$ cat my_file.cif   # mmCIF, C-alpha atoms
data_coords
#
loop_
_atom_site.group_PDB
_atom_site.id
_atom_site.type_symbol
_atom_site.label_atom_id
_atom_site.label_comp_id
_atom_site.auth_asym_id
_atom_site.auth_seq_id
_atom_site.Cartn_x
_atom_site.Cartn_y
_atom_site.Cartn_z
ATOM 1 C CA MET A 1 -2.732 -25.431 3.042
ATOM 2 C CA LYS A 2 -6.133 -25.408 1.391
ATOM 3 C CA THR A 3 -7.267 -24.085 -1.988
ATOM 4 C CA ILE A 4 -10.065 -21.515 -1.906
ATOM 5 C CA GLN A 5 -11.461 -18.734 -4.077
ATOM 6 C CA PHE A 6 -10.543 -15.083 -3.628
ATOM 7 C CA ARG A 7 -14.109 -14.318 -2.446
ATOM 8 C CA GLU A 8 -13.833 -17.083 0.152
ATOM 9 C CA ALA A 9 -10.544 -15.643 1.411
ATOM 10 C CA ILE A 10 -12.258 -12.276 1.901
ATOM 11 C CA CYS A 11 -15.174 -13.923 3.714
ATOM 12 C CA GLU A 12 -12.886 -15.964 5.954
ATOM 13 C CA ALA A 13 -10.848 -12.900 6.923
ATOM 14 C CA MET A 14 -13.929 -10.905 7.919
ATOM 15 C CA SER A 15 -15.603 -13.807 9.713
ATOM 16 C CA GLU A 16 -12.521 -14.808 11.693
ATOM 17 C CA GLU A 17 -11.986 -11.262 12.909
ATOM 18 C CA MET A 18 -15.676 -10.768 13.740
ATOM 19 C CA ARG A 19 -15.665 -13.907 15.883
ATOM 20 C CA LYS A 20 -12.851 -12.435 17.964
ATOM 21 C CA ASP A 21 -14.154 -8.882 18.296
ATOM 22 C CA GLU A 22 -17.820 -7.941 18.670
ATOM 23 C CA SER A 23 -17.110 -4.314 17.801
ATOM 24 C CA ILE A 24 -16.481 -5.318 14.172
ATOM 25 C CA TYR A 25 -19.430 -5.209 11.796
ATOM 26 C CA LEU A 26 -20.005 -5.294 8.023
ATOM 27 C CA MET A 27 -22.159 -2.707 6.243
ATOM 28 C CA GLY A 28 -23.018 -2.209 2.579
ATOM 29 C CA GLU A 29 -25.406 -2.851 -0.273
ATOM 30 C CA GLU A 30 -26.574 -6.486 -0.503
ATOM 31 C CA VAL A 31 -23.980 -7.752 1.982
ATOM 32 C CA ALA A 32 -26.564 -9.528 4.137
ATOM 33 C CA GLU A 33 -29.674 -11.095 2.568
ATOM 34 C CA TYR A 34 -28.011 -11.554 -0.821
ATOM 35 C CA ASN A 35 -24.699 -12.829 0.663
ATOM 36 C CA GLY A 36 -22.843 -9.985 -1.016
ATOM 37 C CA ALA A 37 -22.982 -8.731 -4.601
ATOM 38 C CA TYR A 38 -20.023 -11.014 -5.350
ATOM 39 C CA LYS A 39 -20.813 -13.558 -2.615
ATOM 40 C CA ALA A 40 -17.889 -12.352 -0.517
ATOM 41 C CA SER A 41 -20.039 -12.313 2.642
ATOM 42 C CA LYS A 42 -21.786 -15.645 2.070
ATOM 43 C CA GLY A 43 -23.173 -17.076 5.300
ATOM 44 C CA MET A 44 -22.192 -14.117 7.446
ATOM 45 C CA LEU A 45 -25.757 -12.900 8.093
ATOM 46 C CA ASP A 46 -26.708 -16.347 9.383
ATOM 47 C CA GLU A 47 -23.706 -16.439 11.703
ATOM 48 C CA PHE A 48 -23.568 -12.882 13.003
ATOM 49 C CA GLY A 49 -27.113 -11.591 12.624
ATOM 50 C CA ALA A 50 -28.620 -8.419 11.211
ATOM 51 C CA LYS A 51 -27.021 -6.115 13.789
ATOM 52 C CA ARG A 52 -23.514 -6.970 12.570
ATOM 53 C CA VAL A 53 -24.112 -7.681 8.881
ATOM 54 C CA ILE A 54 -26.167 -4.744 7.688
ATOM 55 C CA ASP A 55 -27.872 -4.203 4.335
ATOM 56 C CA THR A 56 -27.982 -0.515 3.433
ATOM 57 C CA PRO A 57 -29.937 1.634 0.992
ATOM 58 C CA ILE A 58 -28.155 2.766 -2.184
ATOM 59 C CA ALA A 59 -26.653 5.723 -0.325
ATOM 60 C CA GLU A 60 -22.867 5.533 -0.066
ATOM 61 C CA LEU A 61 -22.522 8.996 1.439
ATOM 62 C CA GLY A 62 -24.970 8.061 4.186
ATOM 63 C CA PHE A 63 -23.700 4.678 5.245
ATOM 64 C CA SER A 64 -20.042 5.736 4.922
ATOM 65 C CA GLY A 65 -20.772 8.589 7.296
ATOM 66 C CA ILE A 66 -22.590 6.308 9.751
ATOM 67 C CA ALA A 67 -19.632 3.915 9.727
ATOM 68 C CA VAL A 68 -17.056 6.654 10.240
ATOM 69 C CA GLY A 69 -19.056 8.121 13.108
ATOM 70 C CA SER A 70 -19.370 4.705 14.735
ATOM 71 C CA THR A 71 -15.599 4.416 15.053
ATOM 72 C CA MET A 72 -15.743 7.317 17.502
ATOM 73 C CA THR A 73 -17.975 5.263 19.796
ATOM 74 C CA GLY A 74 -15.729 2.195 19.820
ATOM 75 C CA ASN A 75 -16.771 0.269 16.721
ATOM 76 C CA ARG A 76 -14.569 -1.149 13.955
ATOM 77 C CA PRO A 77 -16.703 -1.153 10.768
ATOM 78 C CA ILE A 78 -16.035 -2.795 7.419
ATOM 79 C CA VAL A 79 -17.759 -0.878 4.618
ATOM 80 C CA GLU A 80 -18.295 -2.683 1.322
ATOM 81 C CA PHE A 81 -18.776 -0.666 -1.846
ATOM 82 C CA MET A 82 -20.280 -2.622 -4.726
ATOM 83 C CA THR A 83 -17.504 -0.938 -6.713
ATOM 84 C CA PHE A 84 -15.083 1.834 -5.805
ATOM 85 C CA ASN A 85 -16.661 3.893 -8.572
ATOM 86 C CA PHE A 86 -19.596 4.250 -6.170
ATOM 87 C CA ALA A 87 -17.227 5.314 -3.387
ATOM 88 C CA LEU A 88 -17.049 8.678 -5.129
ATOM 89 C CA VAL A 89 -20.517 9.368 -3.741
ATOM 90 C CA GLY A 90 -19.120 8.930 -0.231
ATOM 91 C CA ILE A 91 -15.610 10.254 -0.825
ATOM 92 C CA ASP A 92 -16.217 13.294 1.371
ATOM 93 C CA GLN A 93 -16.637 10.995 4.363
ATOM 94 C CA ILE A 94 -13.473 9.060 3.437
ATOM 95 C CA ILE A 95 -11.190 12.009 2.684
ATOM 96 C CA ASN A 96 -12.526 14.763 4.946
ATOM 97 C CA ASN A 97 -13.543 12.664 7.929
ATOM 98 C CA ALA A 98 -12.008 9.179 8.142
ATOM 99 C CA ALA A 99 -8.543 10.276 7.029
ATOM 100 C CA LYS A 100 -8.465 13.319 9.319
ATOM 101 C CA ILE A 101 -10.206 12.330 12.570
ATOM 102 C CA ARG A 102 -7.020 11.315 14.393
ATOM 103 C CA GLN A 103 -5.108 14.482 13.522
ATOM 104 C CA MET A 104 -7.970 16.947 13.899
ATOM 105 C CA SER A 105 -8.905 15.504 17.300
ATOM 106 C CA GLY A 106 -5.322 15.794 18.502
ATOM 107 C CA GLY A 107 -5.148 12.014 18.781
ATOM 108 C CA GLN A 108 -8.258 11.717 20.954
ATOM 109 C CA PHE A 109 -10.103 9.643 18.338
ATOM 110 C CA LYS A 110 -8.749 6.907 16.122
ATOM 111 C CA CYS A 111 -10.638 5.691 13.067
ATOM 112 C CA PRO A 112 -10.353 1.905 12.687
ATOM 113 C CA ILE A 113 -12.365 1.341 9.507
ATOM 114 C CA VAL A 114 -11.937 -0.675 6.311
ATOM 115 C CA PHE A 115 -13.491 0.489 3.052
ATOM 116 C CA ARG A 116 -13.411 -2.435 0.626
ATOM 117 C CA GLY A 117 -14.726 -3.380 -2.817
ATOM 118 C CA PRO A 118 -13.712 -3.825 -6.478
ATOM 119 C CA THR A 119 -11.438 -1.465 -8.379
ATOM 120 C CA GLY A 120 -10.429 -1.047 -12.025
ATOM 121 C CA SER A 121 -12.042 -2.478 -15.100
ATOM 122 C CA ALA A 122 -14.187 -5.593 -15.126
ATOM 123 C CA GLY A 123 -14.960 -6.004 -18.802
ATOM 124 C CA GLN A 124 -17.655 -4.135 -20.694
ATOM 125 C CA LEU A 125 -19.058 -2.074 -17.844
ATOM 126 C CA GLY A 126 -18.563 1.327 -19.428
ATOM 127 C CA ALA A 127 -16.486 4.352 -18.487
ATOM 128 C CA THR A 128 -18.115 5.107 -15.119
ATOM 129 C CA HIS A 129 -17.641 1.562 -13.813
ATOM 130 C CA SER A 130 -14.080 0.905 -14.999
ATOM 131 C CA GLN A 131 -11.869 3.282 -13.043
ATOM 132 C CA ALA A 132 -8.848 2.740 -10.805
ATOM 133 C CA PHE A 133 -8.624 5.205 -7.928
ATOM 134 C CA GLU A 134 -5.698 3.744 -5.979
ATOM 135 C CA SER A 135 -3.559 6.832 -6.569
ATOM 136 C CA TRP A 136 -6.417 9.146 -5.526
ATOM 137 C CA PHE A 137 -6.697 7.547 -2.108
ATOM 138 C CA ALA A 138 -2.947 6.992 -1.773
ATOM 139 C CA ASN A 139 -2.497 10.750 -2.245
ATOM 140 C CA THR A 140 -4.385 11.340 1.017
ATOM 141 C CA PRO A 141 -2.409 11.431 4.279
ATOM 142 C CA GLY A 142 -4.138 9.321 6.898
ATOM 143 C CA LEU A 143 -5.246 6.526 4.570
ATOM 144 C CA LYS A 144 -3.587 3.190 3.917
ATOM 145 C CA VAL A 145 -4.229 1.594 0.525
ATOM 146 C CA ILE A 146 -4.069 -2.155 -0.129
ATOM 147 C CA VAL A 147 -4.542 -3.898 -3.497
ATOM 148 C CA PRO A 148 -4.015 -7.689 -3.228
ATOM 149 C CA SER A 149 -3.640 -9.947 -6.259
ATOM 150 C CA ASN A 150 -4.331 -13.441 -4.878
ATOM 151 C CA PRO A 151 -6.319 -15.227 -2.137
ATOM 152 C CA TYR A 152 -3.342 -15.702 0.221
ATOM 153 C CA ASP A 153 -2.437 -12.022 0.275
ATOM 154 C CA ALA A 154 -6.086 -10.957 0.308
ATOM 155 C CA LYS A 155 -6.918 -12.868 3.473
ATOM 156 C CA GLY A 156 -3.735 -11.977 5.336
ATOM 157 C CA LEU A 157 -3.880 -8.312 4.413
ATOM 158 C CA LEU A 158 -7.597 -7.928 5.113
ATOM 159 C CA LYS A 159 -7.120 -9.338 8.611
ATOM 160 C CA ALA A 160 -4.280 -6.859 9.142
ATOM 161 C CA ALA A 161 -6.467 -4.032 7.803
ATOM 162 C CA ILE A 162 -9.357 -4.893 10.135
ATOM 163 C CA ARG A 163 -6.999 -4.860 13.121
ATOM 164 C CA ASP A 164 -5.398 -1.563 12.110
ATOM 165 C CA ASP A 165 -6.404 1.535 14.071
ATOM 166 C CA ASP A 166 -6.267 3.750 10.989
ATOM 167 C CA PRO A 167 -8.635 3.850 7.982
ATOM 168 C CA VAL A 168 -7.691 1.382 5.253
ATOM 169 C CA ILE A 169 -8.794 1.347 1.601
ATOM 170 C CA PHE A 170 -8.899 -2.317 0.532
ATOM 171 C CA MET A 171 -9.311 -2.671 -3.227
ATOM 172 C CA GLU A 172 -10.266 -5.949 -4.914
ATOM 173 C CA SER A 173 -11.493 -6.877 -8.424
ATOM 174 C CA GLU A 174 -14.660 -8.332 -9.824
ATOM 175 C CA GLN A 175 -12.498 -10.403 -12.165
ATOM 176 C CA MET A 176 -10.543 -11.996 -9.303
ATOM 177 C CA TYR A 177 -13.310 -13.190 -6.981
ATOM 178 C CA GLY A 178 -13.332 -16.614 -8.639
ATOM 179 C CA ASP A 179 -9.534 -16.964 -8.677
ATOM 180 C CA LYS A 180 -8.274 -19.892 -6.632
ATOM 181 C CA GLY A 181 -5.136 -20.069 -4.529
ATOM 182 C CA GLU A 182 -3.572 -21.763 -1.539
ATOM 183 C CA VAL A 183 -4.265 -20.353 1.904
ATOM 184 C CA PRO A 184 -2.980 -21.717 5.259
ATOM 185 C CA GLU A 185 -5.422 -23.654 7.410
ATOM 186 C CA GLY A 186 -4.404 -21.734 10.526
ATOM 187 C CA GLU A 187 -4.098 -18.123 11.594
ATOM 188 C CA TYR A 188 -1.777 -15.823 9.636
ATOM 189 C CA ILE A 189 -1.354 -12.127 8.893
ATOM 190 C CA VAL A 190 0.325 -10.396 5.958
ATOM 191 C CA PRO A 191 1.860 -7.121 7.190
ATOM 192 C CA ILE A 192 0.689 -3.872 5.630
ATOM 193 C CA GLY A 193 3.339 -1.961 3.710
ATOM 194 C CA VAL A 194 5.495 -4.911 2.658
ATOM 195 C CA ALA A 195 5.911 -5.754 -1.032
ATOM 196 C CA GLU A 196 6.897 -9.255 -2.120
ATOM 197 C CA VAL A 197 9.250 -10.532 -4.791
ATOM 198 C CA LYS A 198 6.964 -13.058 -6.466
ATOM 199 C CA ARG A 199 9.548 -14.152 -9.019
ATOM 200 C CA GLU A 200 13.337 -13.877 -8.823
ATOM 201 C CA GLY A 201 15.219 -12.491 -11.819
ATOM 202 C CA THR A 202 18.454 -10.803 -12.850
ATOM 203 C CA ASP A 203 17.882 -8.729 -16.004
ATOM 204 C CA VAL A 204 14.920 -6.431 -15.312
ATOM 205 C CA THR A 205 12.547 -5.584 -12.457
ATOM 206 C CA ILE A 206 8.807 -5.520 -13.153
ATOM 207 C CA VAL A 207 6.657 -3.879 -10.470
ATOM 208 C CA SER A 208 2.879 -4.268 -10.444
ATOM 209 C CA PHE A 209 -0.123 -4.886 -8.169
ATOM 210 C CA GLY A 210 -3.729 -6.055 -8.308
ATOM 211 C CA LYS A 211 -5.178 -8.193 -11.064
ATOM 212 C CA ILE A 212 -3.041 -6.661 -13.832
ATOM 213 C CA ILE A 213 0.030 -8.360 -12.330
ATOM 214 C CA LYS A 214 -1.113 -11.549 -14.059
ATOM 215 C CA ASP A 215 0.050 -9.971 -17.303
ATOM 216 C CA ALA A 216 3.462 -9.371 -15.742
ATOM 217 C CA TYR A 217 3.730 -13.081 -14.905
ATOM 218 C CA LYS A 218 2.652 -14.029 -18.412
ATOM 219 C CA ALA A 219 5.208 -11.683 -19.951
ATOM 220 C CA ALA A 220 7.948 -12.988 -17.659
ATOM 221 C CA ASP A 221 7.219 -16.545 -18.781
ATOM 222 C CA GLN A 222 7.455 -15.534 -22.421
ATOM 223 C CA LEU A 223 10.640 -13.503 -21.918
ATOM 224 C CA GLU A 224 12.306 -16.355 -20.044
ATOM 225 C CA LYS A 225 12.012 -18.451 -23.214
ATOM 226 C CA GLU A 226 13.911 -15.680 -24.987
ATOM 227 C CA GLY A 227 16.691 -15.634 -22.404
ATOM 228 C CA ILE A 228 15.544 -12.565 -20.435
ATOM 229 C CA SER A 229 15.242 -13.052 -16.661
ATOM 230 C CA CYS A 230 12.514 -10.916 -15.039
ATOM 231 C CA GLU A 231 12.139 -10.183 -11.349
ATOM 232 C CA VAL A 232 8.465 -9.530 -10.559
ATOM 233 C CA ILE A 233 7.477 -7.545 -7.465
ATOM 234 C CA ASP A 234 3.894 -7.377 -6.181
ATOM 235 C CA LEU A 235 3.444 -4.136 -4.242
ATOM 236 C CA ARG A 236 0.408 -5.533 -2.369
ATOM 237 C CA THR A 237 0.241 -2.219 -0.475
ATOM 238 C CA VAL A 238 0.268 1.057 -2.394
ATOM 239 C CA ARG A 239 0.449 3.216 0.723
ATOM 240 C CA PRO A 240 2.647 2.887 2.672
ATOM 241 C CA LEU A 241 4.850 2.164 -0.354
ATOM 242 C CA ASP A 242 7.623 -0.398 0.163
ATOM 243 C CA ILE A 243 10.187 1.472 -1.920
ATOM 244 C CA ASN A 244 13.122 -0.394 -0.331
ATOM 245 C CA THR A 245 12.126 -3.726 -1.878
ATOM 246 C CA ILE A 246 11.959 -2.039 -5.280
ATOM 247 C CA LEU A 247 15.304 -0.294 -4.813
ATOM 248 C CA THR A 248 17.020 -3.521 -3.763
ATOM 249 C CA SER A 249 15.753 -5.220 -6.909
ATOM 250 C CA VAL A 250 16.663 -2.333 -9.226
ATOM 251 C CA LYS A 251 20.184 -2.232 -7.814
ATOM 252 C CA LYS A 252 20.475 -5.860 -8.875
ATOM 253 C CA THR A 253 18.783 -5.748 -12.296
ATOM 254 C CA ASN A 254 19.543 -2.103 -13.239
ATOM 255 C CA ARG A 255 16.273 -1.813 -15.169
ATOM 256 C CA LEU A 256 12.682 -1.100 -14.169
ATOM 257 C CA VAL A 257 9.285 -1.544 -15.825
ATOM 258 C CA ILE A 258 6.109 -0.653 -13.933
ATOM 259 C CA LEU A 259 2.719 -2.092 -14.900
ATOM 260 C CA GLU A 260 -0.370 -0.384 -13.481
ATOM 261 C CA GLU A 261 -4.034 -0.429 -14.457
ATOM 262 C CA ALA A 262 -4.604 3.314 -14.173
ATOM 263 C CA TRP A 263 -4.578 6.479 -16.236
ATOM 264 C CA PRO A 264 -1.014 7.618 -16.991
ATOM 265 C CA PHE A 265 -1.018 11.072 -15.383
ATOM 266 C CA GLY A 266 0.119 11.317 -11.747
ATOM 267 C CA ASN A 267 -0.408 7.710 -10.711
ATOM 268 C CA VAL A 268 1.342 5.160 -8.477
ATOM 269 C CA SER A 269 3.903 4.292 -11.153
ATOM 270 C CA THR A 270 4.734 7.987 -11.496
ATOM 271 C CA GLU A 271 5.616 8.136 -7.789
ATOM 272 C CA ILE A 272 7.698 4.965 -8.004
ATOM 273 C CA THR A 273 9.539 6.357 -11.028
ATOM 274 C CA TYR A 274 10.405 9.537 -9.152
ATOM 275 C CA GLN A 275 11.600 7.748 -6.014
ATOM 276 C CA VAL A 276 13.754 5.266 -7.918
ATOM 277 C CA GLN A 277 15.456 7.950 -10.016
ATOM 278 C CA GLU A 278 16.028 9.985 -6.844
ATOM 279 C CA LYS A 279 17.454 7.144 -4.753
ATOM 280 C CA ALA A 280 18.967 4.766 -7.317
ATOM 281 C CA PHE A 281 19.707 6.870 -10.395
ATOM 282 C CA ASP A 282 23.291 5.658 -10.745
ATOM 283 C CA TYR A 283 22.142 2.033 -10.821
ATOM 284 C CA LEU A 284 19.849 2.495 -13.832
ATOM 285 C CA ASP A 285 21.133 1.307 -17.197
ATOM 286 C CA ALA A 286 18.017 2.469 -19.043
ATOM 287 C CA PRO A 287 15.164 4.939 -18.539
ATOM 288 C CA ILE A 288 12.278 3.601 -16.449
ATOM 289 C CA VAL A 289 9.239 2.580 -18.482
ATOM 290 C CA LYS A 290 5.740 2.679 -17.018
ATOM 291 C CA ILE A 291 2.758 0.980 -18.651
ATOM 292 C CA ASN A 292 -0.727 2.354 -18.046
ATOM 293 C CA THR A 293 -4.160 2.439 -19.638
ATOM 294 C CA ALA A 294 -4.805 4.871 -22.463
ATOM 295 C CA ASP A 295 -5.424 8.425 -21.293
ATOM 296 C CA THR A 296 -9.180 8.322 -21.945
ATOM 297 C CA PRO A 297 -12.281 7.052 -20.151
ATOM 298 C CA ALA A 298 -12.634 3.289 -20.530
ATOM 299 C CA PRO A 299 -14.439 2.388 -23.789
ATOM 300 C CA TYR A 300 -17.404 0.006 -23.913
ATOM 301 C CA SER A 301 -16.464 -1.590 -27.249
ATOM 302 C CA PRO A 302 -14.556 -4.849 -26.605
ATOM 303 C CA VAL A 303 -12.139 -4.045 -29.421
ATOM 304 C CA LEU A 304 -11.357 -0.596 -28.037
ATOM 305 C CA LEU A 305 -11.250 -1.900 -24.459
ATOM 306 C CA ALA A 306 -8.556 -4.403 -25.454
ATOM 307 C CA GLU A 307 -6.509 -1.522 -26.872
ATOM 308 C CA TRP A 308 -7.141 0.659 -23.814
ATOM 309 C CA LEU A 309 -6.079 -1.891 -21.192
ATOM 310 C CA PRO A 310 -2.413 -2.895 -20.812
ATOM 311 C CA ASN A 311 -1.545 -6.535 -21.497
ATOM 312 C CA SER A 312 1.393 -8.938 -21.478
ATOM 313 C CA ASP A 313 2.452 -7.922 -24.988
ATOM 314 C CA ASP A 314 2.901 -4.354 -23.755
ATOM 315 C CA VAL A 315 5.078 -5.651 -20.923
ATOM 316 C CA VAL A 316 7.222 -7.705 -23.307
ATOM 317 C CA LYS A 317 7.764 -4.655 -25.526
ATOM 318 C CA ALA A 318 8.648 -2.473 -22.519
ATOM 319 C CA VAL A 319 11.147 -5.011 -21.180
ATOM 320 C CA LYS A 320 12.822 -5.308 -24.563
ATOM 321 C CA LYS A 321 12.958 -1.517 -24.745
ATOM 322 C CA VAL A 322 14.863 -1.212 -21.468
ATOM 323 C CA MET A 323 17.063 -4.149 -22.548
ATOM 324 C CA TYR A 324 17.786 -2.322 -25.823
ATOM 325 C CA LYS A 325 16.562 -5.311 -27.820
#

$ encode --input "my_file.cif" --output "structure tokens"
Amino acid sequence: MKTIQFREAICEAMSEEMRKDESIYLMGEEVAEYNGAYKASKGMLDEFGAKRVIDTPIAELGFSGIAVGSTMTGNRPIVEFMTFNFALVGIDQIINNAAKIRQMSGGQFKCPIVFRGPTGSAGQLGATHSQAFESWFANTPGLKVIVPSNPYDAKGLLKAAIRDDDPVIFMESEQMYGDKGEVPEGEYIVPIGVAEVKREGTDVTIVSFGKIIKDAYKAADQLEKEGISCEVIDLRTVRPLDINTILTSVKKTNRLVILEEAWPFGNVSTEITYQVQEKAFDYLDAPIVKINTADTPAPYSPVLLAEWLPNSDDVVKAVKKVMYK
């Protein structure tokens, strides 16, 4: 094992796959000459050249469309958005083209493409740069949605996404690129659609994904000191959703708290809540509690932002609520 940063894990995944397959290329704003806005493509222009690591104009609709079209001629593009907030400019290409090519062509065309970049809040960036759209994309048949929380999962899942013949939304975080973690020296893949129990527990299940899961770990540490054993599950993939791992855990702990950095209406935690009550209602000893951001655009004020964003204290309170303590 070696210890590397999250951004290095992303770079290694892309580079390793590009060395094996010349049909793979990277396209996006500042991915080439600048080594990536977050240095996640550092050194790739030097290795692969300007035909495979392509700087684009600030035109997400345009370069997303070029990338989607190129899949129909045998290419496997990776499209980097400087933030998924900017993906809204190109969302027509993602939803109406990438997600539907296979079905609308009767299976004649596949669409092996990865759209990747940061999601959620990243500090004081304002309301239009602090949004989580995982549930938007997960609501679209034809798309797979991945949100890793550490370098190991990021590298293994990105390699799996690049090899996948369907379009994949791969969502990262500006606040995780410097995170360090252990990654194997050799080749490995993390399968898409498989959640992982990151921490075993017996009293309550906490489900989360992406960078906000750090607050679940922090809360679990605090609750352990108070005699409450938390089982923490990292979804890793939002769609396809690994509901079976969640159900197995809930049948053991009989309680469920879901932590998600997203607005509260119609999100990923809402879907999990529905599926658990449908398939494991008799195992629940308390109502499911989901923790989300406040139902407003993200504030710029640091004081208001701290109130808007869920934290470990919110998780502790939710766990104690389902424990009736």

$ residues_around --input "my_file.cif" --residues "region 299-313 of chain A" --least-positions-apart "5" --cutoff "12 Å" --atoms "all atoms listed in the file" --output "PyMOL selection string"
chain A and resi 120-132+206+208+211-223+258-264+290-294+318-320

$ resolve_selection --input "my_file.cif" --expression "the PyMOL selection byres ((chain A and resi 150-164) around 7)" --output "list of chain:residue names"
A:Gln5, A:Phe6, A:Ala9, A:Ile10, A:Ala13, A:Glu17, A:Pro112, A:Ile113, A:Val114, A:Pro148, A:Ser149, A:Asp165, A:Asp166, A:Val168, A:Lys180, A:Gly181, A:Glu182, A:Val183, A:Tyr188, A:Ile189, A:Val190, A:Pro191, A:Ile192

$ resolve_selection --input "my_file.cif" --expression "the PyMOL selection byres ((chain A and resi 28-36) around 6)" --output "list in words"
Met27, Ala37, Tyr38, Lys39, Ala40, Ser41, Lys42, Leu45, Val53, Ile54, Asp55, Thr56, Val79 and Glu80 of chain A

$ residues_near_point --input "my_file.cif" --point "(11.0, 1.6, -0.8)" --cutoff "9 Å" --atoms "all atoms listed in the file" --output "MDAnalysis selection string"
chainID A and resid 195 241:248 272 275:276

$ residues_around --input "my_file.cif" --residues "Ile95 (chain A)" --least-positions-apart "4" --cutoff "8 Å" --atoms "only C-alpha atoms" --output "PyMOL selection string"
chain A and resi 91+99-100+137+140

$ atom_distance --input "my_file.cif" --atom1 "CA of Asp282 (chain A)" --atom2 "CA of Thr253 (chain A)"
12.4 Å

$ closest_residue --input "my_file.cif" --among "A:Val89, A:Val289, A:Ile24, A:Val232" --to "Phe209 (chain A)" --atoms "all atoms listed in the file"
A:Val232

$ atom_distance --input "my_file.cif" --atom1 "CA of Val194 (chain A)" --atom2 "CA of Ser70 (chain A)"
29.3 Å

$ resolve_selection --input "my_file.cif" --expression "the PyMOL selection byres ((chain A and resi 87) around 10)" --output "list of chain:residue names"
A:Ala59, A:Glu60, A:Leu61, A:Ser64, A:Glu80, A:Phe81, A:Met82, A:Thr83, A:Phe84, A:Asn85, A:Phe86, A:Leu88, A:Val89, A:Gly90, A:Ile91, A:Asp92, A:Gln93, A:Ile94, A:Phe115, A:Arg116, A:Gly117, A:Phe133

$ write_last_selection --input "my_file.cif" --atoms "C-alpha atoms" --output "compact mmCIF listing (two decimals), in the coordinates of the input"
# COMPACT_ATOMS: atom_id res chain seq x y z
CA ALA A 59 -26.65 5.72 -0.32
CA GLU A 60 -22.87 5.53 -0.07
CA LEU A 61 -22.52 9.00 1.44
CA SER A 64 -20.04 5.74 4.92
CA GLU A 80 -18.30 -2.68 1.32
CA PHE A 81 -18.78 -0.67 -1.85
CA MET A 82 -20.28 -2.62 -4.73
CA THR A 83 -17.50 -0.94 -6.71
CA PHE A 84 -15.08 1.83 -5.80
CA ASN A 85 -16.66 3.89 -8.57
CA PHE A 86 -19.60 4.25 -6.17
CA LEU A 88 -17.05 8.68 -5.13
CA VAL A 89 -20.52 9.37 -3.74
CA GLY A 90 -19.12 8.93 -0.23
CA ILE A 91 -15.61 10.25 -0.82
CA ASP A 92 -16.22 13.29 1.37
CA GLN A 93 -16.64 11.00 4.36
CA ILE A 94 -13.47 9.06 3.44
CA PHE A 115 -13.49 0.49 3.05
CA ARG A 116 -13.41 -2.44 0.63
CA GLY A 117 -14.73 -3.38 -2.82
CA PHE A 133 -8.62 5.20 -7.93

$ closest_residue --input "my_file.cif" --among "A:Gly74, A:Ala138, A:Ile288, A:Pro167" --to "Asn97 (chain A)" --atoms "only C-alpha atoms"
A:Pro167

$ atom_distance --input "my_file.cif" --atom1 "CA of Met72 (chain A)" --atom2 "CA of Asp46 (chain A)"
27.3 Å

$ closest_residue --input "my_file.cif" --among "A:Ser105, A:Tyr177, A:Met171, A:Ala280" --to "Cys11 (chain A)" --atoms "only C-alpha atoms"
A:Tyr177

$ residues_around --input "my_file.cif" --residues "Tyr283 (chain A)" --least-positions-apart "4" --cutoff "9 Å" --atoms "only C-alpha atoms" --output "VMD selection string"
chain A and resid 250 to 255 277
